[in-house]
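Student: Input file: entry-v9.txt. Contents: compact mmCIF, C-alpha atoms.
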# COMPACT_ATOMS: atom_id res chain seq x y z
CA MET A 1366 -67.14 68.81 -28.23
CA ALA A 1367 -64.43 66.32 -28.99
CA ASP A 1368 -62.22 66.81 -32.02
CA PRO A 1369 -63.41 65.74 -35.46
CA ILE A 1370 -62.41 62.33 -36.76
CA ASP A 1371 -60.13 62.46 -39.79
CA PHE A 1372 -61.35 60.23 -42.61
CA TYR A 1373 -58.72 59.68 -45.30
CA PHE A 1374 -59.75 57.92 -48.49
CA ASP A 1375 -58.93 57.61 -52.15
CA PHE A 1376 -61.83 57.79 -54.60
CA ALA A 1377 -60.17 54.89 -56.41
CA SER A 1378 -60.49 52.68 -53.33
CA PRO A 1379 -63.58 50.48 -53.00
CA TYR A 1380 -62.91 50.00 -49.29
CA GLY A 1381 -62.92 53.77 -48.96
CA TYR A 1382 -66.31 53.76 -50.68
CA PHE A 1383 -67.74 51.31 -48.18
CA ALA A 1384 -66.29 53.32 -45.30
CA SER A 1385 -67.76 56.55 -46.72
CA ARG A 1386 -71.22 55.01 -46.40
CA ARG A 1387 -70.79 54.38 -42.67
CA ILE A 1388 -68.34 56.84 -41.16
CA GLU A 1389 -70.71 59.76 -40.54
CA GLU A 1390 -73.31 57.70 -38.71
CA LEU A 1391 -70.65 55.91 -36.72
CA ALA A 1392 -69.05 59.18 -35.63
CA ALA A 1393 -72.34 60.92 -34.88
CA ALA A 1394 -73.38 58.09 -32.57
CA HIS A 1395 -70.44 59.07 -30.41
CA GLY A 1396 -70.83 62.83 -30.65
CA ARG A 1397 -68.10 63.31 -33.24
CA THR A 1398 -67.97 65.04 -36.57
CA VAL A 1399 -65.89 63.84 -39.50
CA THR A 1400 -63.36 65.71 -41.60
CA TRP A 1401 -63.17 64.08 -45.01
CA ARG A 1402 -59.73 64.10 -46.61
CA PRO A 1403 -59.38 62.55 -50.06
CA ILE A 1404 -55.84 61.48 -50.87
CA LEU A 1405 -53.99 60.01 -53.83
CA LEU A 1406 -52.65 56.60 -52.93
CA GLY A 1407 -50.50 56.55 -56.04
CA ALA A 1408 -48.42 59.41 -54.65
CA ILE A 1409 -48.28 57.79 -51.21
CA PHE A 1410 -47.18 54.46 -52.67
CA LYS A 1411 -44.10 56.26 -53.98
CA VAL A 1412 -43.18 56.85 -50.33
CA THR A 1413 -44.10 53.41 -48.99
CA GLY A 1414 -42.98 51.34 -51.96
CA MET A 1415 -46.34 49.56 -51.99
CA LYS A 1416 -48.14 48.62 -55.17
CA PRO A 1417 -51.86 48.91 -55.85
CA ASN A 1418 -53.55 45.76 -54.56
CA LEU A 1419 -55.17 45.15 -57.91
CA GLN A 1420 -51.79 44.83 -59.56
CA GLN A 1421 -50.62 42.11 -57.19
CA PRO A 1422 -51.09 38.51 -58.28
CA LEU A 1423 -53.63 36.59 -56.16
CA ARG A 1424 -54.38 39.66 -54.07
CA GLY A 1425 -55.92 41.50 -57.00
CA GLU A 1426 -58.35 38.67 -57.72
CA TYR A 1427 -59.17 38.36 -54.04
CA LEU A 1428 -59.94 42.07 -53.84
CA VAL A 1429 -62.43 41.92 -56.68
CA HIS A 1430 -64.20 39.00 -55.01
CA ASP A 1431 -64.04 40.57 -51.55
CA VAL A 1432 -65.47 43.95 -52.49
CA GLY A 1433 -68.44 42.36 -54.24
CA ARG A 1434 -69.04 40.33 -51.09
CA ILE A 1435 -68.90 43.44 -48.87
CA ALA A 1436 -71.30 45.23 -51.20
CA ARG A 1437 -73.84 42.42 -50.85
CA LEU A 1438 -73.32 42.26 -47.08
CA THR A 1439 -73.83 45.99 -46.59
CA ASN A 1440 -76.48 46.49 -49.29
CA ALA A 1441 -74.23 48.98 -51.04
CA PRO A 1442 -74.95 49.78 -54.68
CA PHE A 1443 -72.02 48.27 -56.51
CA THR A 1444 -70.77 47.90 -60.06
CA TYR A 1445 -67.13 47.03 -60.51
CA PRO A 1446 -65.82 49.77 -62.82
CA ASP A 1447 -64.01 48.74 -65.99
CA SER A 1448 -61.88 51.83 -65.36
CA ALA A 1449 -60.54 50.70 -61.95
CA PRO A 1450 -58.15 51.82 -60.69
CA ALA A 1451 -59.42 55.25 -61.63
CA ASN A 1452 -57.42 58.45 -61.68
CA SER A 1453 -58.79 60.26 -58.64
CA VAL A 1454 -57.02 63.61 -59.10
CA ALA A 1455 -59.98 65.54 -60.54
CA ALA A 1456 -62.45 64.15 -58.00
CA SER A 1457 -60.11 65.02 -55.13
CA ARG A 1458 -59.48 68.54 -56.41
CA ALA A 1459 -63.20 69.18 -56.79
CA PHE A 1460 -63.68 68.13 -53.18
CA TYR A 1461 -60.97 70.44 -51.82
CA TRP A 1462 -62.23 73.33 -53.94
CA LEU A 1463 -65.50 73.14 -52.02
CA THR A 1464 -64.68 71.91 -48.57
CA ASP A 1465 -63.53 74.99 -46.66
CA GLU A 1466 -66.50 77.14 -47.65
CA HIS A 1467 -69.12 74.43 -47.94
CA PRO A 1468 -68.07 71.31 -46.07
CA GLU A 1469 -71.45 69.59 -46.26
CA GLN A 1470 -71.72 70.24 -49.99
CA ALA A 1471 -68.21 68.86 -50.38
CA LYS A 1472 -69.18 65.68 -48.56
CA LEU A 1473 -72.27 65.35 -50.72
CA LEU A 1474 -70.11 65.76 -53.81
CA ALA A 1475 -67.73 63.09 -52.50
CA ARG A 1476 -70.60 60.70 -51.86
CA THR A 1477 -72.03 61.38 -55.30
CA LEU A 1478 -68.67 60.81 -56.99
CA TYR A 1479 -68.12 57.63 -54.98
CA HIS A 1480 -71.58 56.39 -55.92
CA ALA A 1481 -71.01 57.18 -59.59
CA HIS A 1482 -67.74 55.27 -59.58
CA TRP A 1483 -68.32 52.27 -57.31
CA GLY A 1484 -72.11 52.22 -57.28
CA GLU A 1485 -72.67 52.72 -61.00
CA GLY A 1486 -69.28 51.74 -62.39
CA ARG A 1487 -68.62 55.06 -64.11
CA ASP A 1488 -65.09 56.27 -64.77
CA ILE A 1489 -64.68 59.39 -62.62
CA GLY A 1490 -61.15 59.96 -63.86
CA PRO A 1491 -61.88 62.48 -66.65
CA ALA A 1492 -62.25 66.07 -65.51
CA GLU A 1493 -65.37 66.49 -67.66
CA THR A 1494 -67.07 63.65 -65.77
CA VAL A 1495 -66.34 65.29 -62.45
CA VAL A 1496 -67.62 68.60 -63.81
CA GLU A 1497 -70.80 66.98 -65.06
CA ILE A 1498 -71.46 65.20 -61.75
CA ALA A 1499 -70.83 68.40 -59.80
CA GLY A 1500 -73.24 70.10 -62.20
CA THR A 1501 -76.02 67.67 -61.30
CA LEU A 1502 -75.64 68.89 -57.71
CA GLY A 1503 -76.17 72.49 -58.80
CA HIS A 1504 -72.57 73.63 -59.02
CA ASP A 1505 -71.63 75.91 -61.87
CA ARG A 1506 -69.90 73.74 -64.44
CA ALA A 1507 -67.52 76.42 -65.67
CA ALA A 1508 -66.49 77.22 -62.10
CA VAL A 1509 -65.81 73.56 -61.36
CA ALA A 1510 -63.83 73.13 -64.57
CA ALA A 1511 -61.72 76.18 -63.66
CA ALA A 1512 -61.21 74.92 -60.12
CA LEU A 1513 -59.76 71.64 -61.39
CA GLN A 1514 -56.97 73.64 -63.05
CA ASP A 1515 -56.54 76.19 -60.27
CA GLN A 1516 -53.05 76.22 -58.80
CA THR A 1517 -54.34 76.89 -55.30
CA VAL A 1518 -56.54 73.79 -55.50
CA LYS A 1519 -53.71 71.71 -56.93
CA ASP A 1520 -51.44 72.86 -54.12
CA ARG A 1521 -54.08 72.10 -51.53
CA LEU A 1522 -54.41 68.50 -52.67
CA ARG A 1523 -50.65 68.08 -52.68
CA ALA A 1524 -50.39 69.59 -49.19
CA GLU A 1525 -53.14 67.30 -47.88
CA ASN A 1526 -51.32 64.31 -49.33
CA ASP A 1527 -48.03 65.35 -47.76
CA ALA A 1528 -49.72 65.94 -44.43
CA ALA A 1529 -51.35 62.52 -44.61
CA VAL A 1530 -47.97 60.86 -45.10
CA ASP A 1531 -46.60 62.85 -42.18
CA ARG A 1532 -49.41 61.42 -40.05
CA GLY A 1533 -48.61 57.86 -41.15
CA VAL A 1534 -51.45 57.40 -43.63
CA PHE A 1535 -50.54 54.69 -46.17
CA GLY A 1536 -53.85 53.22 -47.32
CA SER A 1537 -57.57 53.83 -47.83
CA PRO A 1538 -59.67 54.16 -45.82
CA PHE A 1539 -57.56 55.43 -42.96
CA VAL A 1540 -59.27 56.90 -39.91
CA ILE A 1541 -57.52 58.89 -37.20
CA VAL A 1542 -59.40 59.35 -33.95
CA ASP A 1543 -57.53 61.93 -31.90
CA ASP A 1544 -54.05 60.50 -32.48
CA GLU A 1545 -55.11 56.87 -32.86
CA PRO A 1546 -54.71 55.46 -36.41
CA PHE A 1547 -56.99 52.82 -37.94
CA TRP A 1548 -56.33 51.43 -41.40
CA GLY A 1549 -58.96 49.68 -43.44
CA TRP A 1550 -62.68 49.21 -43.77
CA ASP A 1551 -62.27 46.19 -41.53
CA ARG A 1552 -61.23 48.42 -38.64
CA LEU A 1553 -64.47 50.41 -38.44
CA ASP A 1554 -65.89 48.15 -35.75
CA MET A 1555 -62.72 48.80 -33.78
CA VAL A 1556 -63.06 52.55 -34.36
CA GLU A 1557 -66.56 52.30 -32.95
CA ARG A 1558 -65.32 50.43 -29.94
CA TRP A 1559 -62.53 52.94 -29.45
CA LEU A 1560 -65.03 55.80 -29.50
CA SER A 1561 -67.42 54.12 -27.12
CA THR A 1562 -64.77 53.01 -24.61
CA GLY A 1563 -62.31 55.87 -24.93
CA GLY A 1564 -59.61 53.45 -25.96
CA TRP A 1565 -57.71 50.61 -24.36
CA MET B 1116 -70.67 16.85 -41.26
CA ALA B 1117 -69.60 19.81 -43.34
CA ASP B 1118 -66.04 19.99 -44.64
CA PRO B 1119 -63.26 21.26 -42.39
CA ILE B 1120 -62.26 24.90 -42.59
CA ASP B 1121 -58.76 25.49 -43.91
CA PHE B 1122 -56.74 27.79 -41.69
CA TYR B 1123 -53.57 29.06 -43.36
CA PHE B 1124 -51.08 30.98 -41.27
CA ASP B 1125 -47.42 31.85 -40.96
CA PHE B 1126 -45.83 31.49 -37.53
CA ALA B 1127 -44.10 34.81 -38.26
CA SER B 1128 -47.47 36.57 -38.58
CA PRO B 1129 -48.94 38.23 -35.48
CA TYR B 1130 -52.37 38.38 -37.11
CA GLY B 1131 -52.10 34.62 -37.62
CA TYR B 1132 -51.37 34.30 -33.91
CA PHE B 1133 -54.51 36.21 -32.98
CA ALA B 1134 -56.55 34.13 -35.42
CA SER B 1135 -55.11 30.91 -33.99
CA ARG B 1136 -56.58 31.84 -30.62
CA ARG B 1137 -60.09 32.10 -32.01
CA ILE B 1138 -60.52 29.88 -35.05
CA GLU B 1139 -61.29 26.57 -33.32
CA GLU B 1140 -64.04 27.97 -31.14
CA LEU B 1141 -65.48 29.94 -34.03
CA ALA B 1142 -65.61 26.85 -36.24
CA ALA B 1143 -66.94 24.53 -33.52
CA ALA B 1144 -69.83 26.90 -32.85
CA HIS B 1145 -70.95 26.14 -36.40
CA GLY B 1146 -70.26 22.41 -36.39
CA ARG B 1147 -67.00 22.67 -38.28
CA THR B 1148 -63.52 21.38 -37.66
CA VAL B 1149 -60.36 23.20 -38.67
CA THR B 1150 -57.40 21.99 -40.69
CA TRP B 1151 -54.36 24.01 -39.71
CA ARG B 1152 -51.91 24.72 -42.53
CA PRO B 1153 -48.77 26.69 -41.70
CA ILE B 1154 -47.22 28.37 -44.71
CA LEU B 1155 -44.14 30.44 -45.46
CA LEU B 1156 -45.16 33.90 -46.61
CA GLY B 1157 -41.62 34.60 -47.78
CA ALA B 1158 -41.97 31.97 -50.48
CA ILE B 1159 -45.45 33.18 -51.40
CA PHE B 1160 -44.28 36.79 -51.66
CA LYS B 1161 -41.94 35.64 -54.42
CA VAL B 1162 -45.07 34.78 -56.40
CA THR B 1163 -47.11 37.88 -55.52
CA GLY B 1164 -44.30 40.41 -55.49
CA MET B 1165 -45.42 41.65 -52.09
CA LYS B 1166 -43.02 42.65 -49.35
CA PRO B 1167 -43.34 41.89 -45.64
CA ASN B 1168 -45.51 44.58 -44.05
CA LEU B 1169 -42.83 45.31 -41.47
CA GLN B 1170 -40.42 46.33 -44.20
CA GLN B 1171 -42.78 48.91 -45.66
CA PRO B 1172 -42.41 52.51 -44.48
CA LEU B 1173 -45.42 53.76 -42.44
CA ARG B 1174 -47.13 50.38 -42.68
CA GLY B 1175 -44.47 48.69 -40.60
CA GLU B 1176 -44.85 51.16 -37.74
CA TYR B 1177 -48.63 50.91 -37.97
CA LEU B 1178 -48.44 47.14 -37.72
CA VAL B 1179 -46.43 47.23 -34.52
CA HIS B 1180 -48.95 49.62 -32.99
CA ASP B 1181 -51.94 47.71 -34.31
CA VAL B 1182 -50.93 44.29 -33.07
CA GLY B 1183 -50.31 45.59 -29.56
CA ARG B 1184 -53.76 47.12 -29.65
CA ILE B 1185 -55.35 43.85 -30.78
CA ALA B 1186 -53.51 41.99 -28.03
CA ARG B 1187 -54.95 44.30 -25.40
CA LEU B 1188 -58.42 44.11 -26.95
CA THR B 1189 -58.45 40.31 -27.04
CA ASN B 1190 -56.52 39.73 -23.81
CA ALA B 1191 -53.88 37.83 -25.74
CA PRO B 1192 -50.48 37.35 -24.09
CA PHE B 1193 -48.18 39.49 -26.20
CA THR B 1194 -44.52 40.46 -26.32
CA TYR B 1195 -43.26 41.91 -29.56
CA PRO B 1196 -40.29 39.69 -30.47
CA ASP B 1197 -36.94 41.31 -31.17
CA SER B 1198 -36.52 38.55 -33.72
CA ALA B 1199 -39.56 39.49 -35.83
CA PRO B 1200 -39.97 38.62 -38.62
CA ALA B 1201 -38.88 35.15 -37.54
CA ASN B 1202 -37.81 32.33 -39.80
CA SER B 1203 -40.79 29.99 -39.57
CA VAL B 1204 -39.39 27.03 -41.50
CA ALA B 1205 -38.51 24.85 -38.50
CA ALA B 1206 -41.80 25.52 -36.70
CA SER B 1207 -43.77 24.71 -39.86
CA ARG B 1208 -41.86 21.51 -40.50
CA ALA B 1209 -42.40 20.35 -36.92
CA PHE B 1210 -46.12 20.88 -37.39
CA TYR B 1211 -46.33 18.88 -40.61
CA TRP B 1212 -44.22 16.10 -39.14
CA LEU B 1213 -46.94 15.55 -36.54
CA THR B 1214 -50.19 16.48 -38.17
CA ASP B 1215 -51.23 13.42 -40.16
CA GLU B 1216 -50.75 10.96 -37.31
CA HIS B 1217 -51.57 13.26 -34.41
CA PRO B 1218 -53.55 16.28 -35.60
CA GLU B 1219 -54.54 17.46 -32.13
CA GLN B 1220 -50.95 17.21 -30.89
CA ALA B 1221 -49.86 19.15 -33.94
CA LYS B 1222 -52.34 21.92 -33.17
CA LEU B 1223 -51.16 22.02 -29.58
CA LEU B 1224 -47.57 22.31 -30.80
CA ALA B 1225 -48.60 25.14 -33.14
CA ARG B 1226 -50.34 26.97 -30.31
CA THR B 1227 -47.34 26.47 -28.05
CA LEU B 1228 -44.93 27.75 -30.69
CA TYR B 1229 -47.18 30.71 -31.42
CA HIS B 1230 -47.40 31.51 -27.72
CA ALA B 1231 -43.63 31.25 -27.30
CA HIS B 1232 -43.06 33.63 -30.21
CA TRP B 1233 -45.84 36.23 -29.95
CA GLY B 1234 -46.87 35.68 -26.34
CA GLU B 1235 -43.40 35.53 -24.81
CA GLY B 1236 -41.33 37.16 -27.52
CA ARG B 1237 -39.00 34.20 -28.03
CA ASP B 1238 -37.26 33.64 -31.36
CA ILE B 1239 -38.71 30.39 -32.71
CA GLY B 1240 -36.51 30.51 -35.79
CA PRO B 1241 -33.68 28.26 -34.59
CA ALA B 1242 -34.30 24.53 -34.99
CA GLU B 1243 -33.02 23.89 -31.46
CA THR B 1244 -35.70 26.19 -30.03
CA VAL B 1245 -38.45 24.32 -31.88
CA VAL B 1246 -36.97 21.02 -30.66
CA GLU B 1247 -36.87 22.27 -27.10
CA ILE B 1248 -40.46 23.54 -27.19
CA ALA B 1249 -41.67 20.27 -28.71
CA GLY B 1250 -39.77 18.50 -25.94
CA THR B 1251 -41.73 20.33 -23.28
CA LEU B 1252 -44.86 18.80 -24.81
CA GLY B 1253 -43.42 15.30 -24.40
CA HIS B 1254 -42.08 14.76 -27.91
CA ASP B 1255 -38.77 12.99 -28.24
CA ARG B 1256 -36.20 15.68 -28.90
CA ALA B 1257 -33.99 13.57 -31.13
CA ALA B 1258 -36.99 12.55 -33.21
CA VAL B 1259 -38.06 16.15 -33.66
CA ALA B 1260 -34.54 17.24 -34.58
CA ALA B 1261 -34.39 14.48 -37.18
CA ALA B 1262 -37.83 15.40 -38.53
CA LEU B 1263 -36.73 18.96 -39.17
CA GLN B 1264 -34.10 17.64 -41.57
CA ASP B 1265 -36.24 14.89 -43.07
CA GLN B 1266 -36.69 15.23 -46.82
CA THR B 1267 -40.28 13.97 -46.65
CA VAL B 1268 -41.14 16.69 -44.14
CA LYS B 1269 -39.34 19.33 -46.19
CA ASP B 1270 -41.24 18.24 -49.29
CA ARG B 1271 -44.53 18.29 -47.42
CA LEU B 1272 -44.07 21.92 -46.37
CA ARG B 1273 -43.13 22.87 -49.90
CA ALA B 1274 -46.15 21.05 -51.31
CA GLU B 1275 -48.48 22.72 -48.81
CA ASN B 1276 -47.07 26.11 -49.78
CA ASP B 1277 -47.51 25.42 -53.48
CA ALA B 1278 -51.06 24.19 -52.90
CA ALA B 1279 -51.82 27.32 -50.89
CA VAL B 1280 -50.71 29.52 -53.78
CA ASP B 1281 -52.83 27.44 -56.14
CA ARG B 1282 -55.82 28.18 -53.91
CA GLY B 1283 -55.08 31.91 -53.96
CA VAL B 1284 -53.56 32.23 -50.48
CA PHE B 1285 -51.31 35.31 -50.32
CA GLY B 1286 -51.34 36.37 -46.66
CA SER B 1287 -51.74 35.27 -43.05
CA PRO B 1288 -54.18 34.39 -41.67
CA PHE B 1289 -56.13 33.13 -44.63
CA VAL B 1290 -59.26 31.08 -44.05
CA ILE B 1291 -61.06 29.08 -46.71
CA VAL B 1292 -64.60 27.96 -45.90
CA ASP B 1293 -65.65 25.49 -48.57
CA ASP B 1294 -64.40 27.50 -51.55
CA GLU B 1295 -64.85 30.93 -50.02
CA PRO B 1296 -61.59 32.79 -49.21
CA PHE B 1297 -61.13 35.20 -46.31
CA TRP B 1298 -57.88 37.07 -45.79
CA GLY B 1299 -56.92 38.62 -42.50
CA TRP B 1300 -57.65 38.54 -38.82
CA ASP B 1301 -60.15 41.31 -39.51
CA ARG B 1302 -62.28 38.94 -41.58
CA LEU B 1303 -63.04 36.49 -38.77
CA ASP B 1304 -66.33 38.17 -37.93
CA MET B 1305 -67.25 37.80 -41.58
CA VAL B 1306 -66.22 34.13 -41.53
CA GLU B 1307 -68.53 33.67 -38.55
CA ARG B 1308 -71.36 35.35 -40.39
CA TRP B 1309 -70.69 33.27 -43.48
CA LEU B 1310 -70.87 30.09 -41.42
CA SER B 1311 -74.04 31.09 -39.63
CA THR B 1312 -75.89 32.29 -42.73
CA GLY B 1313 -74.50 29.89 -45.31
CA GLY B 1314 -73.14 32.81 -47.31
CA TRP B 1315 -74.62 35.70 -49.25
Can you present the structure in this file as structure tokens?

Tutor:
Amino acid sequence: MADPIDFYFDFASPYGYFASRRIEELAAAHGRTVTWRPILLGAIFKVTGMKPNLQQPLRGEYLVHDVGRIARLTNAPFTYPDSAPANSVAASRAFYWLTDEHPEQAKLLARTLYHAHWGEGRDIGPAETVVEIAGTLGHDRAAVAAALQDQTVKDRLRAENDAAVDRGVFGSPFVIVDDEPFWGWDRLDMVERWLSTGGW
Amino acid sequence: MADPIDFYFDFASPYGYFASRRIEELAAAHGRTVTWRPILLGAIFKVTGMKPNLQQPLRGEYLVHDVGRIARLTNAPFTYPDSAPANSVAASRAFYWLTDEHPEQAKLLARTLYHAHWGEGRDIGPAETVVEIAGTLGHDRAAVAAALQDQTVKDRLRAENDAAVDRGVFGSPFVIVDDEPFWGWDRLDMVERWLSTGGW
């Protein structure tokens, strides 16, 4: 079987949310699996010198309009969170705590966190919110709370972020198919074409 | 007939080049005409605080890879110019000098300049290059050279840039259909859908 597709995303990124709703089906249609890799764009922006889109004049307003439009187009549940851009550290740590042992549960947690934030407009920044959401999926709340402060988990997230930068990841979503990089929700059609043709 | 579509682009933008090769056909298929509006992203970046993509670590390298990939996908002539990012002032002025009296000639000049720059890799920054390219289309070289220094033409470009910012334009290409804004080459499929459905 061909290698998994790497799916990089920040929980704070609405475009990552939209991509998270499509990437598995897209990959499966071409016999691929997907490795989900949450990242912290804030840390990556320190390398690239970029600023969050929302904080850029004109572009920030466009983004708010654009993501609502994509939500309607793709029938995605969507509520623009008052808390955006959220702090995605706790959500990302919770994901990495789970993913090696229980990758499918980790993906379900990621989808549930994404839905809470971008679908329902909840602030997923506070650790207690992440703990509570993980609890609704049957995870032990005390274990999740401990994991969010576990040094191994913290180091894992940092290592994933550093590795992402090393691979050229600078935005969310960012998909790498074999060694081919694709940045943005708007590149998913191209990813699909790449998978179906083998590249060009 | 419905209002023309506004097509904003910077001659220095490869994504604008790719859009310029598709926008007329896309619009015509939906009974629309297109008003071409070259802009200077450098001036607009002073408002938004953005930096040219090429100057951003990781993103710059991605862009070079990505535009070559789009060229192959769309069968667009493409030679990455050593001179990128080019100074697009002279090309833009030449366009505005022509467009009110001879809009189709102005579009042909824009296409020819775009092809020279992104198709053949020529530096279209120098005024003499713009004059020479306009000359190959039958325009009087002395008249073009004079136009590039004409205060009315200079003012027109500045006014178009200011108006673009007022309309929220912050990148290239940027398409406005009625009052609906679309940023990026990657939004052209969405523009097409918007035109065919009347919006959502």

Student: Nearest to B:Phe1297: which of A:Leu1428, A:Val1454, A:Ala1367, A:Leu1391 is it, counting only C-alpha atoms?

Tutor: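 With only C-alpha atoms as the atom set, the closest residue is A:Leu1428.
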
Student: So, counting all atoms listed in the file, which residue among A:Pro1369, A:Pro1417, A:Gly1533, A:Gly1564 is closest to chain B?

Tutor: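 Nearest to chain B: A:Gly1533.
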
Student: For chain B against chain A, which residues fall within 7 Å using only C-alpha atoms, given as a PyMOL selection string?

Tutor: chain B and resi 1163-1164+1171-1174+1187+1283+1285+1301+1315

Student: List the neighbours of stretch 1510-1526 of chain A out to 7 Å using only C-alpha atoms; skip same-chain residues closer than 4 positions along the sequence, and give me the result as a PyMOL selection string.

Tutor: chain A and resi 1404-1405+1455+1458-1459+1461-1462+1496+1506+1530

Student: So that I can see what lies close to B:Trp1151, please list as a ChimeraX atom specification the residues with an atom at most 12 Å from it, counting all atoms listed in the file and leaving out residues fewer than 6 positions away in the same chain.

Tutor: /B:1119-1126,1131,1134-1135,1138-1139,1207,1210-1211,1213-1215,1218-1226,1275,1279,1288-1291

Student: Counting all atoms listed in the file, select every polymer residue within 8 Å of (-75.1, 60.6, -61.8) as defined in the file's coordinates, and provide the selection as a list in words.

Tutor: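 Protein and nucleic acid residues near the point are Thr1477, Ala1481, Ile1498 and Thr1501 of chain A.
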
Student: Pull C-alpha atoms from the residues just selected and write them as a PDB file, in the coordinates of the input.

Tutor:
ATOM      1  CA  THR A1477     -72.030  61.380 -55.300  1.00  0.00           C
ATOM      2  CA  ALA A1481     -71.010  57.180 -59.590  1.00  0.00           C
ATOM      3  CA  ILE A1498     -71.460  65.200 -61.750  1.00  0.00           C
ATOM      4  CA  THR A1501     -76.020  67.670 -61.300  1.00  0.00           C
TER       5      THR A1501
END

Student: Just to confirm, what's the straight-line distance from atom CA of B:Asn1202 to atom CA of B:Val1149 in Å (one decimal)?

Tutor: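 Spanning atom CA of B:Asn1202 to atom CA of B:Val1149 is a straight-line distance of 24.4 Å.
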
Student: If I take atom CA of A:Ala1377 and atom CA of A:Ala1441, how far is one from the other in Å, to one decimal?

Tutor: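 So the answer is 16.2 Å.
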
Student: For B:Gly1236, work out the shell of residues within 12 Å, counting all atoms listed in the file and skipping chain neighbours fewer than 4 positions away, then give it as a list of chain:residue names.

Tutor: B:Ala1127, B:Pro1129, B:Pro1192, B:Phe1193, B:Thr1194, B:Tyr1195, B:Pro1196, B:Asp1197, B:Ser1198, B:Ala1199, B:Pro1200, B:Ala1201, B:Leu1228, B:Tyr1229, B:His1230, B:Ala1231, B:His1232, B:Gly1240

Student: For atom CA of B:Pro1153 and atom CA of B:Ser1128, determine how far apart the two atoms are, in Å to one decimal place.

Tutor: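 Rounded to one decimal, the two atoms are 10.4 Å apart.
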